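Trainee: Structure incoming, see below.
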Amino acid sequence: MNQKRITTLLSALLIGALGSYELSAQTNSSKPNVILIMVDDMGYSDLGNYGSEIKTPNLDRLATEGTRLREFYNNSICAPTRASLLTGQYQHKAGVGYFDVNLGLPAYQGYLNKESLTLGEVFRSGGYSTLMSGKWHVGSEDKAQWPNQRGFDKFYGILKGASNYFNTDGLPFGKTPYPVALIRNNEELHPKADSYYFTDEIGNNAVQFLDEQNKENKPFFLYIAFTAPHWPLQAKPVDIAKYRGKFDEGWDVLREKRIKKLKENGILLADQTIAPRDPEVPEWNKLTYDEKQFWKAKMEVYAAMVDNMDQNVGKVLDKLKALKKDKNTLIVFISDNGAQGGFNTYNPLRRGLVKNDGPIGTSGSFDYQEQNWAYLSNTPLQDYKNNMHEGGFSSPFIAWYPSKIKAGRIDKGTGHLIDLAPTFYDLAGIQYPKELNGVTSNPLPGKSLLPVLIDGASEVNRGAPIFWERAGNRAVREGKWKLVSIYPSYQWELYNLENDRGETKDVAQQNPGIVNELSAKYFDWADKTGVVEYSKFKQKNELIPGAAAKK
């Protein structure tokens, strides 16, 4: 072959390779980016766009320009919610049936198993950069369980369930302080106390990761898991100042105002019931002056934490726009469970190891919202975190994707955490791997939400019920019917959520056939999913503030 022909051939090969590269680059750059934002222990109606008096302008904008769902469900408490969110599996199937503690069985090992692929692992297999900032809480004891080893290229945050907002000291409750490790890409950080505010740092690292990722020729998946407004109630003075006096009216008046707003904005339909007044919550007008001062201070700090979280969502939105990626990015926002009920058994007279070295909201304080204000946060629904009445596991849901998702829409949805993974993979055109690293993957039980979010369907057509079990609490949702029992009772309650989402009328006795049908489906699901009867574990009360039985 002469020199001229060799040169021509090499030129053709080079042009072909460049063309192939350009096509690949175009394909990668045109793939949608995905941002998943989750907050911690925030109630159903705590956002401005869901009826709250708390200022959340950035999330309000996403709601106005996107779609909200009235019905979206989590798993009622931190770690089991995160297990389902990150894998698309029911939490037992992922290995976190109870919490991030090992109860000695595969479904209750307390960390994600290898058969349940994480969003990080699947997005990475589809050519995406995978980024995470915030709270992990699905495995911390072994480095193999950490985010960077479970599919995330970059990670900043905490591995376990909570931390102070101004320092990395162990949380002071229980026989020994609850350990806190702040990690960035497998390295533990030791920032100077009071030199940062954790919610800001979660936002700052998310923004930094986006900047760094912009140099790569890839789409990205970013998971932001804020710890706010989870206890301890700690906020920046500038944010607390905004809410001085905003809660002087008390939970009774403010709940009525939220209900009015929820009806006006279409979240609460006119024919829907409202949960009855919680008899354990005292009437605000019967409190003493000092009691009112004590209680309103809590909600001022809680509101400041939600406000600051929204500010950090704003930082991410600004960066997205600066990078010119805002037109091709799906953003989904949810909460991991309802606001936390219970009453603070760690009171000043029996505080044990809990320290409270300053006024509520400061870095030395340790307190939480408690049931009185959680009653407002979960308006108009019944009950609280770690409970399977609607207030325990109903989340606000916002989806934003310019030009793809209709602006200003509110619909039913009836989605669940297990639906997010198939939604994302559907949108990104990623084939869910049947096998990864030699391990056969658990199939995905959820359904894509794209028919609801983009095609205008009112609710998910899943062809099967949604199921829950956690610490003996059980629930089934199929169509308009919801079957539920709360441990230690095994008595099934039945509600028609089509017009009774407030769960005011148990119709189990009038509908034994439906109860039998749904309970049979529950036990079949429980058997296939690895659920074990909770009483067999002989667990003591969880040692977290508010875990004690209600009054």
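Each chain of the structure tokens is named A, B, ... in the order shown, its residues numbered from 1; ligands are numbered from 1 in display order.
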Per residue of region 186-268 of chain A within 12 Å of region 59-80 of chain A, what are the shortest atom pair and its distance in Å to one decimal, counting only C-alpha atoms, with rows by chain and residue number, as a Markdown table?

Mentor:
```
| residue | atom | partner | partner_atom | distance |
| --- | --- | --- | --- | --- |
| A:Ala225 | CA | A:Cys78 | CA | 11.0 |
| A:Phe226 | CA | A:Cys78 | CA | 11.8 |
| A:Thr227 | CA | A:Cys78 | CA | 10.1 |
| A:His230 | CA | A:Cys78 | CA | 10.0 |
| A:Leu262 | CA | A:Arg70 | CA | 10.4 |
| A:Lys263 | CA | A:Arg70 | CA | 11.7 |
| A:Asn265 | CA | A:Arg68 | CA | 10.8 |
| A:Gly266 | CA | A:Arg70 | CA | 8.9 |
| A:Ile267 | CA | A:Arg70 | CA | 5.8 |
| A:Leu268 | CA | A:Arg70 | CA | 7.8 |
```

Trainee: For Met38 (chain A), please output as a list in words all residues within 10 Å (counting only C-alpha atoms; exclusion window: fewer than 4 positions along the same chain).

Mentor: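 Surrounding residues, per the criterion: Met42, Arg82, Leu85, Gly134, Lys135, Tyr223, Ile224, Ala225, Phe226, Thr227, Ala228, Val332, Phe333, Ile334, Ser335, Asp336, Asn337 and Phe397 of chain A.
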
Trainee: I'd like the contact shell of Arg258 (chain A) - 9 Å cut-off, only C-alpha atoms, skipping same-chain residues fewer than 2 positions apart - returned as a PyMOL selection string.

Mentor: chain A and resi 45+50-53+253-256+260-263+376+379-380

Trainee: Keeping only N, CA and C atoms, take the residues you just selected and write them out as a tab-separated table (two decimals), in the first residue's frame.

Mentor:
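Output contents, as saved in part-v5.tsv:
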```tsv
chain	number	residue	atom	x	y	z
A	45	SER	N	-47.51	19.90	55.03
A	45	SER	CA	-47.90	21.26	54.63
A	45	SER	C	-46.92	22.33	55.09
A	50	TYR	N	-47.59	24.47	49.72
A	50	TYR	CA	-48.52	23.48	50.28
A	50	TYR	C	-49.33	24.07	51.43
A	51	GLY	N	-49.28	25.40	51.62
A	51	GLY	CA	-50.15	26.03	52.60
A	51	GLY	C	-49.48	26.67	53.80
A	52	SER	N	-48.15	26.61	53.87
A	52	SER	CA	-47.45	27.05	55.08
A	52	SER	C	-47.23	28.56	55.12
A	53	GLU	N	-47.02	29.05	56.34
A	53	GLU	CA	-46.60	30.43	56.58
A	53	GLU	C	-45.08	30.57	56.49
A	253	VAL	N	-54.96	28.24	65.48
A	253	VAL	CA	-55.31	29.25	64.49
A	253	VAL	C	-54.53	29.00	63.19
A	254	LEU	N	-53.25	28.71	63.30
A	254	LEU	CA	-52.42	28.51	62.11
A	254	LEU	C	-52.84	27.26	61.33
A	255	ARG	N	-53.30	26.24	62.03
A	255	ARG	CA	-53.80	25.05	61.32
A	255	ARG	C	-55.01	25.41	60.46
A	256	GLU	N	-55.92	26.20	61.01
A	256	GLU	CA	-57.09	26.61	60.23
A	256	GLU	C	-56.68	27.43	59.01
A	260	LYS	N	-57.27	26.45	55.01
A	260	LYS	CA	-57.86	27.40	54.05
A	260	LYS	C	-56.98	27.53	52.81
A	261	LYS	N	-55.66	27.68	53.02
A	261	LYS	CA	-54.74	27.80	51.88
A	261	LYS	C	-54.69	26.52	51.05
A	262	LEU	N	-54.69	25.37	51.72
A	262	LEU	CA	-54.66	24.10	51.01
A	262	LEU	C	-55.87	23.93	50.11
A	263	LYS	N	-57.01	24.41	50.58
A	263	LYS	CA	-58.23	24.35	49.75
A	263	LYS	C	-58.14	25.34	48.60
A	376	LEU	N	-49.41	20.83	63.56
A	376	LEU	CA	-49.55	21.86	62.52
A	376	LEU	C	-48.85	21.43	61.23
A	379	THR	N	-50.72	19.06	58.92
A	379	THR	CA	-52.04	19.49	58.45
A	379	THR	C	-52.22	19.14	56.96
A	380	PRO	N	-53.32	18.57	56.54
A	380	PRO	CA	-54.57	18.26	57.25
A	380	PRO	C	-54.69	16.78	57.60
```

Trainee: When you draw a straight line from CA of Glu291 (chain A) to CA of Trp373 (chain A), how long is it in Å?

Mentor: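 Computed distance, CA of Glu291 (chain A) to CA of Trp373 (chain A), equals 13.3 Å.
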
Trainee: Among region 112-198 of chain A, which residues carry a DSSP assignment of strand (DSSP E or B), reported as a list in words?

Mentor: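 Matching residues, listed in order: Ser129, Thr130, Leu131, Met132, Ser133, Gly134, Lys135, Lys154, Phe155, Tyr156, Gly157, Ile158, Leu171, Tyr178, Leu182, Ile183, Arg184, Glu187, Glu188 and Leu189 of chain A.
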